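Asks: If it helps, the file is called entry_36.txt and holds compact mmCIF, C-alpha atoms:
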```
# COMPACT_ATOMS: atom_id res chain seq x y z
CA MET A 1 101.28 129.45 167.43
CA PRO A 2 103.82 126.81 166.42
CA THR A 3 103.05 126.51 162.71
CA SER A 4 101.10 128.74 160.40
CA SER A 5 97.80 127.58 158.97
CA LEU A 6 97.88 126.13 155.53
CA VAL A 7 96.03 128.09 152.89
CA MET A 8 95.50 126.79 149.37
CA PHE A 9 94.94 129.02 146.35
CA GLU A 10 93.57 128.14 142.92
CA GLU A 11 96.88 128.52 141.11
CA GLU A 12 98.89 126.28 143.43
CA PHE A 13 96.05 123.78 143.66
CA LYS A 14 96.16 123.35 139.88
CA GLN A 15 99.93 122.89 139.92
CA ILE A 16 99.73 120.33 142.72
CA THR A 17 96.94 118.41 141.02
CA ALA A 18 98.92 118.33 137.77
CA ILE A 19 101.94 116.84 139.56
CA ILE A 20 100.00 114.12 141.38
CA ASP A 21 98.01 113.29 138.23
CA ARG A 22 101.29 112.74 136.45
CA LEU A 23 102.70 110.73 139.36
CA LEU A 24 99.61 108.51 139.23
CA LYS A 25 100.26 107.72 135.58
CA GLU A 26 104.04 107.43 135.68
CA ALA A 27 104.04 105.21 138.77
CA ASN A 28 101.19 103.04 137.46
CA ALA A 29 99.43 103.69 140.76
CA LYS A 30 95.76 103.34 141.72
CA LEU A 31 95.51 106.41 143.89
CA VAL A 32 97.66 109.32 144.97
CA PHE A 33 96.90 111.62 147.91
CA LEU A 34 98.49 114.68 149.36
CA VAL A 35 97.69 115.20 153.03
CA ASP A 36 98.62 117.89 155.51
CA LYS A 37 100.50 116.64 158.60
CA ASP A 38 97.48 117.66 160.66
CA GLY A 39 95.30 115.20 158.75
CA GLN A 40 93.57 117.45 156.22
CA LEU A 41 93.29 116.16 152.66
CA ILE A 42 94.91 118.61 150.24
CA ALA A 43 94.49 116.87 146.88
CA SER A 44 93.91 113.45 145.41
CA SER A 45 94.15 111.70 142.07
CA GLY A 46 92.80 108.39 140.80
CA GLU A 47 89.65 106.39 141.51
CA THR A 48 88.65 107.96 144.81
CA ARG A 49 84.93 107.20 144.60
CA ASP A 50 85.01 104.03 146.70
CA VAL A 51 87.58 105.31 149.14
CA ASP A 52 86.85 107.23 152.34
CA THR A 53 89.39 109.93 151.61
CA THR A 54 88.76 111.91 154.81
CA SER A 55 89.47 108.91 157.03
CA LEU A 56 92.44 107.98 154.91
CA ALA A 57 93.91 111.45 155.36
CA SER A 58 93.37 111.45 159.11
CA LEU A 59 94.81 107.96 159.66
CA THR A 60 97.81 108.71 157.45
CA ALA A 61 98.59 111.77 159.54
CA GLY A 62 98.16 109.70 162.72
CA ASN A 63 100.47 107.07 161.27
CA ILE A 64 103.14 109.63 160.39
CA ALA A 65 102.80 111.27 163.81
CA ALA A 66 103.19 107.92 165.58
CA THR A 67 106.22 106.83 163.56
CA GLY A 68 107.66 110.34 164.01
CA GLY A 69 107.36 109.79 167.76
CA LEU A 70 109.13 106.44 167.40
CA ALA A 71 111.88 108.07 165.35
CA LYS A 72 112.55 110.65 168.06
CA LEU A 73 112.72 107.90 170.70
CA ILE A 74 115.64 106.27 168.89
CA GLY A 75 117.33 109.56 168.04
CA GLU A 76 116.15 109.98 164.44
CA LYS A 77 114.58 113.19 163.19
CA GLU A 78 111.79 111.41 161.33
CA PHE A 79 111.22 108.40 159.11
CA SER A 80 110.67 110.04 155.77
CA ILE A 81 109.33 106.93 153.98
CA LEU A 82 106.88 104.29 155.19
CA PHE A 83 105.81 101.27 153.20
CA HIS A 84 102.88 98.99 153.99
CA GLU A 85 102.54 95.80 152.00
CA GLY A 86 99.14 94.18 151.61
CA GLU A 87 97.92 91.09 149.80
CA LYS A 88 96.79 93.10 146.80
CA ASP A 89 97.36 96.76 147.46
CA ASN A 90 100.37 98.50 148.91
CA LEU A 91 100.77 101.87 150.54
CA HIS A 92 103.79 104.09 150.02
CA ILE A 93 103.88 107.07 152.36
CA SER A 94 106.51 109.79 152.26
CA ILE A 95 107.00 113.17 153.90
CA VAL A 96 107.43 116.15 151.57
CA GLY A 97 109.27 119.20 152.83
CA GLN A 98 108.57 118.25 156.46
CA ARG A 99 105.08 119.62 156.09
CA VAL A 100 102.88 117.44 153.89
CA ILE A 101 102.49 113.71 153.30
CA LEU A 102 102.38 112.03 149.89
CA VAL A 103 100.48 108.73 149.78
CA VAL A 104 100.61 106.36 146.81
CA ILE A 105 98.41 103.27 146.64
CA PHE A 106 99.47 100.69 144.09
CA ASP A 107 99.03 97.01 143.20
CA GLN A 108 100.93 94.37 141.19
CA ARG A 109 100.75 96.50 138.04
CA SER A 110 103.49 98.62 139.57
CA SER A 111 106.46 97.98 141.84
CA LEU A 112 107.99 99.51 144.94
CA GLY A 113 111.08 100.48 142.95
CA LEU A 114 109.10 102.35 140.31
CA VAL A 115 106.94 104.09 142.92
CA ARG A 116 109.99 105.18 144.91
CA LEU A 117 111.66 106.55 141.80
CA ARG A 118 108.62 108.55 140.65
CA VAL A 119 107.78 109.73 144.16
CA LYS A 120 111.27 111.14 144.55
CA LYS A 121 110.91 113.34 141.50
CA ALA A 122 107.36 114.42 142.29
CA SER A 123 108.33 115.21 145.90
CA GLU A 124 110.89 117.76 144.79
CA GLU A 125 108.36 119.53 142.63
CA LEU A 126 105.67 119.40 145.28
CA ASN A 127 108.06 120.75 147.89
CA THR A 128 108.79 123.80 145.74
CA ILE A 129 105.07 124.60 145.50
CA ILE A 130 104.38 123.97 149.19
CA GLN A 131 107.24 126.27 150.18
CA LYS A 132 105.94 128.93 147.81
CA LEU A 133 102.49 128.52 149.32
CA LEU A 134 103.77 128.94 152.87
CA HIS A 135 105.70 132.08 151.87
CA ARG A 136 102.68 133.45 150.07
CA VAL A 137 100.53 133.01 153.17
CA GLU A 138 103.10 134.70 155.39
CA ALA A 139 103.74 137.52 152.97
CA LYS A 140 100.22 138.69 152.22
CA PRO A 141 97.34 137.34 154.20
CA SER A 142 95.02 139.78 152.45
CA ALA A 143 92.89 137.29 150.55
CA GLN A 144 92.32 135.37 153.75
CA GLU A 145 91.53 138.52 155.66
CA ASN A 146 88.77 139.46 153.29
CA LEU A 147 86.97 136.18 153.60
CA LEU A 148 87.20 135.74 157.34
CA ALA A 149 86.67 139.32 158.37
CA GLU A 150 83.30 139.22 156.64
CA ILE A 151 82.06 136.33 158.76
CA SER A 152 79.53 137.61 161.23
CA ASP A 153 78.33 136.08 164.51
CA ASN A 154 75.04 135.60 162.73
CA ASP A 155 76.69 133.41 160.07
CA ILE A 156 78.19 131.27 162.79
CA ASP A 157 74.87 130.88 164.60
CA LYS A 158 73.19 129.90 161.35
CA LEU A 159 75.47 126.87 161.00
CA PHE A 160 73.52 125.15 163.73
CA HIS A 161 70.05 125.61 162.37
CA MET B 1 95.99 124.23 162.32
CA SER B 2 93.10 125.26 160.21
CA PHE B 3 93.34 124.63 156.50
CA ILE B 4 91.63 127.09 154.21
CA ASN B 5 91.25 125.95 150.63
CA TYR B 6 90.26 128.73 148.25
CA SER B 7 90.27 126.32 145.37
CA SER B 8 87.66 123.90 146.73
CA ARG B 9 86.17 126.65 148.95
CA GLU B 10 86.54 124.87 152.25
CA ILE B 11 87.53 125.76 155.79
CA ASN B 12 88.86 122.80 157.77
CA CYS B 13 89.44 122.88 161.54
CA LYS B 14 90.56 120.39 164.19
CA ILE B 15 88.87 120.02 167.55
CA VAL B 16 90.26 117.76 170.27
CA TYR B 17 88.30 116.26 173.17
CA TYR B 18 90.65 115.98 176.15
CA GLY B 19 90.09 114.62 179.66
CA PRO B 20 90.83 111.81 182.12
CA GLY B 21 90.23 108.13 181.34
CA LEU B 22 86.58 107.05 181.16
CA CYS B 23 85.25 110.63 181.41
CA GLY B 24 83.14 110.24 178.25
CA LYS B 25 85.15 111.73 175.36
CA THR B 26 84.39 108.83 173.03
CA THR B 27 80.76 108.84 174.22
CA ASN B 28 80.49 112.51 173.16
CA LEU B 29 81.66 111.64 169.66
CA GLN B 30 79.44 108.58 169.47
CA PHE B 31 76.40 110.68 170.32
CA ILE B 32 77.30 113.33 167.72
CA PHE B 33 77.80 110.56 165.18
CA LYS B 34 74.43 108.99 166.00
CA LYS B 35 72.48 112.24 165.85
CA THR B 36 74.03 113.80 162.77
CA ASN B 37 72.57 113.36 159.32
CA PRO B 38 74.86 110.91 157.45
CA GLU B 39 75.19 113.49 154.68
CA HIS B 40 76.92 115.82 157.11
CA ARG B 41 79.36 113.44 158.67
CA GLY B 42 81.87 110.83 157.65
CA LYS B 43 82.68 107.50 159.25
CA MET B 44 83.68 107.47 162.90
CA ILE B 45 87.01 105.80 163.38
CA SER B 46 87.97 104.41 166.78
CA LEU B 47 91.44 103.07 167.36
CA ALA B 48 90.62 101.21 170.55
CA THR B 49 91.82 98.25 172.57
CA GLU B 50 89.92 94.97 172.81
CA THR B 51 88.18 96.34 175.89
CA GLU B 52 87.03 99.44 174.00
CA ARG B 53 89.44 101.79 175.68
CA THR B 54 90.81 104.41 173.29
CA LEU B 55 94.31 103.37 172.23
CA PHE B 56 95.31 106.16 169.89
CA PHE B 57 92.33 108.33 168.96
CA ASP B 58 88.73 108.50 167.78
CA PHE B 59 88.04 110.54 164.69
CA LEU B 60 84.80 111.98 163.38
CA PRO B 61 84.63 114.37 160.41
CA LEU B 62 81.64 116.74 160.43
CA SER B 63 80.55 119.29 157.90
CA LEU B 64 78.40 122.05 159.28
CA GLY B 65 77.21 123.99 156.29
CA ASP B 66 78.39 127.07 154.45
CA ILE B 67 79.72 130.40 155.55
CA LYS B 68 80.07 132.97 152.79
CA GLY B 69 80.16 130.19 150.21
CA PHE B 70 82.82 128.22 152.06
CA LYS B 71 82.03 124.74 153.36
CA THR B 72 82.98 124.41 157.01
CA ARG B 73 84.42 121.07 158.03
CA PHE B 74 85.38 120.09 161.54
CA HIS B 75 87.53 117.11 162.39
CA LEU B 76 86.74 115.91 165.89
CA TYR B 77 89.38 113.87 167.70
CA THR B 78 89.57 112.36 171.17
CA VAL B 79 92.78 111.58 173.01
CA PRO B 80 93.32 108.36 174.98
CA GLY B 81 92.62 109.33 178.58
CA GLN B 82 94.65 106.72 180.39
CA ILE B 83 97.76 108.20 181.99
CA PHE B 84 100.31 105.95 180.26
CA TYR B 85 99.24 107.01 176.77
CA ASP B 86 100.79 110.43 177.15
CA ALA B 87 102.97 110.14 174.04
CA SER B 88 99.85 109.60 171.91
CA ARG B 89 98.04 112.53 173.52
CA LYS B 90 100.88 114.86 172.55
CA LEU B 91 100.67 113.75 168.91
CA ILE B 92 96.93 114.33 168.70
CA LEU B 93 97.22 117.87 170.05
CA LYS B 94 99.38 118.81 167.04
CA GLY B 95 97.61 121.34 164.88
CA VAL B 96 94.65 121.72 167.22
CA ASP B 97 92.26 124.64 166.63
CA GLY B 98 89.93 124.14 169.59
CA ILE B 99 89.66 121.97 172.70
CA VAL B 100 86.80 120.48 174.68
CA PHE B 101 87.95 119.48 178.15
CA VAL B 102 85.61 116.77 179.41
CA ALA B 103 85.61 116.42 183.18
CA ASP B 104 84.16 113.48 185.12
CA SER B 105 81.84 114.99 187.76
CA GLN B 106 82.19 112.11 190.23
CA ILE B 107 83.87 112.98 193.52
CA GLU B 108 86.40 110.15 193.23
CA ARG B 109 87.52 111.39 189.78
CA MET B 110 88.32 114.93 190.90
CA ASP B 111 92.05 114.21 191.23
CA ALA B 112 92.05 112.61 187.78
CA ASN B 113 90.35 115.72 186.33
CA ILE B 114 92.95 118.03 187.81
CA GLU B 115 95.82 115.82 186.72
CA SER B 116 94.45 115.62 183.17
CA PHE B 117 93.90 119.39 182.96
CA GLU B 118 97.49 120.01 184.10
CA ASN B 119 98.74 117.37 181.69
CA MET B 120 96.90 119.15 178.86
CA GLN B 121 98.57 122.45 179.72
CA THR B 122 102.00 120.80 179.86
CA ASN B 123 101.50 119.04 176.53
CA LEU B 124 100.27 122.24 174.89
CA LYS B 125 103.27 124.15 176.19
CA GLU B 126 105.62 121.51 174.83
CA GLN B 127 104.30 122.36 171.38
CA SER B 128 104.55 126.10 172.00
CA TYR B 129 100.83 126.54 172.45
CA ASP B 130 99.39 128.45 175.38
CA LEU B 131 95.97 127.50 176.67
CA ALA B 132 95.21 131.21 177.03
CA ASN B 133 95.39 131.59 173.23
CA ILE B 134 93.45 128.48 172.25
CA PRO B 135 89.66 128.39 172.03
CA TYR B 136 88.46 125.90 174.63
CA VAL B 137 85.32 124.96 176.53
CA ILE B 138 84.74 122.71 179.52
CA GLN B 139 82.12 120.02 179.88
CA TYR B 140 81.18 118.62 183.29
CA ASN B 141 80.00 115.17 182.33
CA LYS B 142 78.02 112.47 184.15
CA ARG B 143 75.77 114.96 185.99
CA ASP B 144 73.15 112.23 186.37
CA LEU B 145 75.24 110.18 188.79
CA PRO B 146 74.50 110.37 192.55
CA ASN B 147 78.02 111.09 193.80
CA VAL B 148 78.85 114.24 191.84
CA VAL B 149 80.83 117.29 192.92
CA PRO B 150 78.67 120.46 193.09
CA LEU B 151 78.91 122.62 189.97
CA SER B 152 80.33 125.59 191.87
CA GLU B 153 83.17 123.46 193.15
CA LEU B 154 83.98 122.09 189.68
CA LYS B 155 84.02 125.58 188.23
CA LYS B 156 86.31 126.81 191.00
CA VAL B 157 88.84 124.06 190.43
CA LEU B 158 88.72 123.47 186.66
CA ASN B 159 87.56 126.76 185.21
CA VAL B 160 89.57 129.52 186.82
CA ASN B 161 89.79 131.32 183.46
CA GLY B 162 86.03 131.42 183.02
CA ALA B 163 85.85 129.50 179.73
CA PRO B 164 82.35 128.62 178.48
CA ASP B 165 81.27 125.54 180.42
CA PHE B 166 78.41 123.06 180.23
CA GLU B 167 76.84 120.34 182.30
CA ALA B 168 76.30 117.11 180.40
CA VAL B 169 75.24 113.51 180.42
CA ALA B 170 77.02 112.31 177.29
CA ALA B 171 75.45 108.85 177.48
CA THR B 172 72.00 110.36 176.89
CA GLY B 173 73.29 113.28 174.85
CA ALA B 174 72.38 116.05 177.26
CA GLY B 175 74.75 118.98 176.78
CA VAL B 176 76.74 117.30 174.00
CA PHE B 177 75.68 119.57 171.14
CA GLU B 178 75.70 122.67 173.34
CA THR B 179 79.37 121.93 174.07
CA LEU B 180 80.18 121.32 170.41
CA LYS B 181 78.41 124.48 169.26
CA ALA B 182 80.28 126.57 171.79
CA VAL B 183 83.71 125.33 170.75
CA VAL B 184 82.92 125.63 167.02
CA LYS B 185 81.85 129.20 167.56
CA LEU B 186 85.01 130.05 169.47
CA VAL B 187 87.19 128.42 166.80
CA LEU B 188 85.55 130.41 163.99
CA ILE B 189 85.79 133.65 165.95
CA GLU B 190 89.49 132.95 166.59
CA LEU B 191 90.04 132.21 162.90
CA LYS B 192 88.45 135.53 162.06
CA LYS B 193 90.57 137.34 164.64
CA GLY B 194 93.80 135.56 163.79
CA THR B 195 94.05 136.79 160.22
```
What is this file in structure tokens?
Replies:
Amino acid sequence: MPTSSLVMFEEEFKQITAIIDRLLKEANAKLVFLVDKDGQLIASSGETRDVDTTSLASLTAGNIAATGGLAKLIGEKEFSILFHEGEKDNLHISIVGQRVILVVIFDQRSSLGLVRLRVKKASEELNTIIQKLLHRVEAKPSAQENLLAEISDNDIDKLFH
Amino acid sequence: MSFINYSSREINCKIVYYGPGLCGKTTNLQFIFKKTNPEHRGKMISLATETERTLFFDFLPLSLGDIKGFKTRFHLYTVPGQIFYDASRKLILKGVDGIVFVADSQIERMDANIESFENMQTNLKEQSYDLANIPYVIQYNKRDLPNVVPLSELKKVLNVNGAPDFEAVAATGAGVFETLKAVVKLVLIELKKGT
């Protein structure tokens, strides 16, 4: 398989949430998301109640995949930052450690410059945790083993009743 | 790739519907969307052209209940079937956990089925996947039409590896959930094996 599955543990989840909570405040943003490149939502911060976070995660990943394809066509490795400007809200999307995507939604209370500055710092911290997480999964898959090995065919059948 | 979150106790997997243009991939998702309790699914997103041909992908998030206290969530995607959208198809296959190959049973679409199946294998290989190691099922769609290829012939051409296969009429829903169940089961079994 080309890339290993992502596994999230309690400890790292708390660290990640703390970083994006802080980013939300420091960047004066409305919402902050962390999304896996495959389109799975990892964590979010801010007023997410009215937002379809699952769709947002999937479309962000599609967006990054499409612009990544464009980048390769013109000989670039990837475009690490994307910015979409709306009438009220803006979207700042950046790739962290080539593996996950950081999305910041902000309005006129903030500015692109401030968001870029804060994202840069948060990205470095997030990257450290993501790398640790990937190593942890490779090094000892035991926790995962326990959970999945216990799944029986019966459990799977029951999903459809 | 699957994403297992021990913190929120969730297992997330990605399933891709692949097949030639107009074979019924989007119709499969639309039927699942229509028949699933809104509590167990999210919005269906279709990135389509003005003429309702899939441009980039369709997306439907489903949650299927708990296994050992973990919520299981499946993200269903379709690829654009038209030949010239190959670059998009490659992107959507990234991180795939399971595949449904939807074939069009009509005689005149047989070449398109074969071409699409070969294209899928090529695109998987490009991303260092091997079809032999990926859970996949085959759906022979449009069985209600008059000019269909006999089942035995379809199996011989498209299912040499003996993957689970199903007859379907996606427009009415026949065979749609059977196909989905089969691929979900294979994906979970693979997840169990792979660790």
Asks: In Å, rounded to a single decimal, give me how far atom CA of Val102 of chain B is from atom CA of Leu154 of chain B.
Replies: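 Atom CA of Leu154 of chain B sits 11.7 Å away from atom CA of Val102 of chain B.
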Asks: Taking all atoms listed in the file into account, find every residue of chain A that has an atom no more than 9 Å from chain B, and write it out as a ChimeraX atom specification.
Replies: /A:1-14,36-40,42,52,54-55,58-59,62,65-66,69,141-142,144-145,147-153,155-160
Asks: Hey, can you check how far atom CA of Leu70 of chain A sits from atom CA of Lys30 of chain A?
Replies: 29.1 Å
Asks: Give me the residues within 12 Å of Asn161 of chain B as a ChimeraX atom specification, counting all atoms listed in the file and dropping any in the same chain fewer than 3 places off.
Replies: /B:131-133,135-138,155-158,164-165
Asks: Export, as a PDB file, keeping the file's coordinate frame, the selected residues with C-alpha atoms.
Replies:
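Generated file (result21.pdb):
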```pdb
ATOM      1  CA  LEU B 131      95.970 127.500 176.670  1.00  0.00           C
ATOM      2  CA  ALA B 132      95.210 131.210 177.030  1.00  0.00           C
ATOM      3  CA  ASN B 133      95.390 131.590 173.230  1.00  0.00           C
ATOM      4  CA  PRO B 135      89.660 128.390 172.030  1.00  0.00           C
ATOM      5  CA  TYR B 136      88.460 125.900 174.630  1.00  0.00           C
ATOM      6  CA  VAL B 137      85.320 124.960 176.530  1.00  0.00           C
ATOM      7  CA  ILE B 138      84.740 122.710 179.520  1.00  0.00           C
ATOM      8  CA  LYS B 155      84.020 125.580 188.230  1.00  0.00           C
ATOM      9  CA  LYS B 156      86.310 126.810 191.000  1.00  0.00           C
ATOM     10  CA  VAL B 157      88.840 124.060 190.430  1.00  0.00           C
ATOM     11  CA  LEU B 158      88.720 123.470 186.660  1.00  0.00           C
ATOM     12  CA  PRO B 164      82.350 128.620 178.480  1.00  0.00           C
ATOM     13  CA  ASP B 165      81.270 125.540 180.420  1.00  0.00           C
TER      14      ASP B 165
END
```
Asks: Atom CA of Ile32 of chain B to atom CA of Leu76 of chain B: how many Å, to one decimal?
Replies: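 About the pair atom CA of Ile32 of chain B and atom CA of Leu76 of chain B: they are 10.0 Å apart.
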Asks: Using all atoms listed in the file, collect all residues at a distance of at most 9 Å from (91.5, 116.8, 184.6) as written in the file, then present them as a count of residues only.
Replies: 20
Asks: Each side padded by 4 Å, which centre and which edge lengths in Å (one decimal) define the axis-aligned box around the listed atoms of segment 17-27 of chain A? Give them as lines of an AutoDock Vina configuration file.
Replies:
```
center_x = 100.5
center_y = 111.8
center_z = 138.5
size_x = 15.1
size_y = 21.2
size_z = 13.8
```
Asks: Mind checking which residues fall within 12 Å of Phe31 of chain B, counting only C-alpha atoms, ignoring those fewer than 3 positions away in the same chain, and posting them as an NGL selection string?
Replies: :B and (24-28 or 34-37 or 44 or 60 or 168-177 or 180)
Asks: Output the selection as a short mmCIF file (atom, residue, chain, number, x, y, z; two decimals), in the coordinates of the input - C-alpha atoms for each residue.
Replies:
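Now in selection-v2.cif:
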```cif
data_model
loop_
_atom_site.label_atom_id
_atom_site.label_comp_id
_atom_site.auth_asym_id
_atom_site.auth_seq_id
_atom_site.Cartn_x
_atom_site.Cartn_y
_atom_site.Cartn_z
CA GLY B 24 83.14 110.24 178.25
CA LYS B 25 85.15 111.73 175.36
CA THR B 26 84.39 108.83 173.03
CA THR B 27 80.76 108.84 174.22
CA ASN B 28 80.49 112.51 173.16
CA LYS B 34 74.43 108.99 166.00
CA LYS B 35 72.48 112.24 165.85
CA THR B 36 74.03 113.80 162.77
CA ASN B 37 72.57 113.36 159.32
CA MET B 44 83.68 107.47 162.90
CA LEU B 60 84.80 111.98 163.38
CA ALA B 168 76.30 117.11 180.40
CA VAL B 169 75.24 113.51 180.42
CA ALA B 170 77.02 112.31 177.29
CA ALA B 171 75.45 108.85 177.48
CA THR B 172 72.00 110.36 176.89
CA GLY B 173 73.29 113.28 174.85
CA ALA B 174 72.38 116.05 177.26
CA GLY B 175 74.75 118.98 176.78
CA VAL B 176 76.74 117.30 174.00
CA PHE B 177 75.68 119.57 171.14
CA LEU B 180 80.18 121.32 170.41
#
```
Asks: Kindly extract all protein, DNA and RNA residues lying within 9 Å of the coordinates (95.0, 101.5, 144.8) given in the file, considering only C-alpha atoms, and supply them as a list in words.
Replies: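 Taken together, the residues in range are Ala29, Lys30, Leu31, Val32, Gly46, Glu47, Lys88, Asp89, Asn90, Leu91, Val104, Ile105, Phe106 and Asp107 of chain A.
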Asks: Find the residues near Ala122 of chain A: any atom within 10 Å, counting all atoms listed in the file, skip ones fewer than 5 places away on the same chain, and give them as a ChimeraX atom specification.
Replies: /A:16,19-20,22-23,96,102,116-117,127
Asks: With C-alpha atoms retained, export the selected residues as an mmCIF file, keeping the file's coordinate frame.
Replies:
```cif
data_model
loop_
_atom_site.group_PDB
_atom_site.id
_atom_site.type_symbol
_atom_site.label_atom_id
_atom_site.label_comp_id
_atom_site.auth_asym_id
_atom_site.auth_seq_id
_atom_site.Cartn_x
_atom_site.Cartn_y
_atom_site.Cartn_z
ATOM 1 C CA ILE A 16 99.730 120.330 142.720
ATOM 2 C CA ILE A 19 101.940 116.840 139.560
ATOM 3 C CA ILE A 20 100.000 114.120 141.380
ATOM 4 C CA ARG A 22 101.290 112.740 136.450
ATOM 5 C CA LEU A 23 102.700 110.730 139.360
ATOM 6 C CA VAL A 96 107.430 116.150 151.570
ATOM 7 C CA LEU A 102 102.380 112.030 149.890
ATOM 8 C CA ARG A 116 109.990 105.180 144.910
ATOM 9 C CA LEU A 117 111.660 106.550 141.800
ATOM 10 C CA ASN A 127 108.060 120.750 147.890
#
```
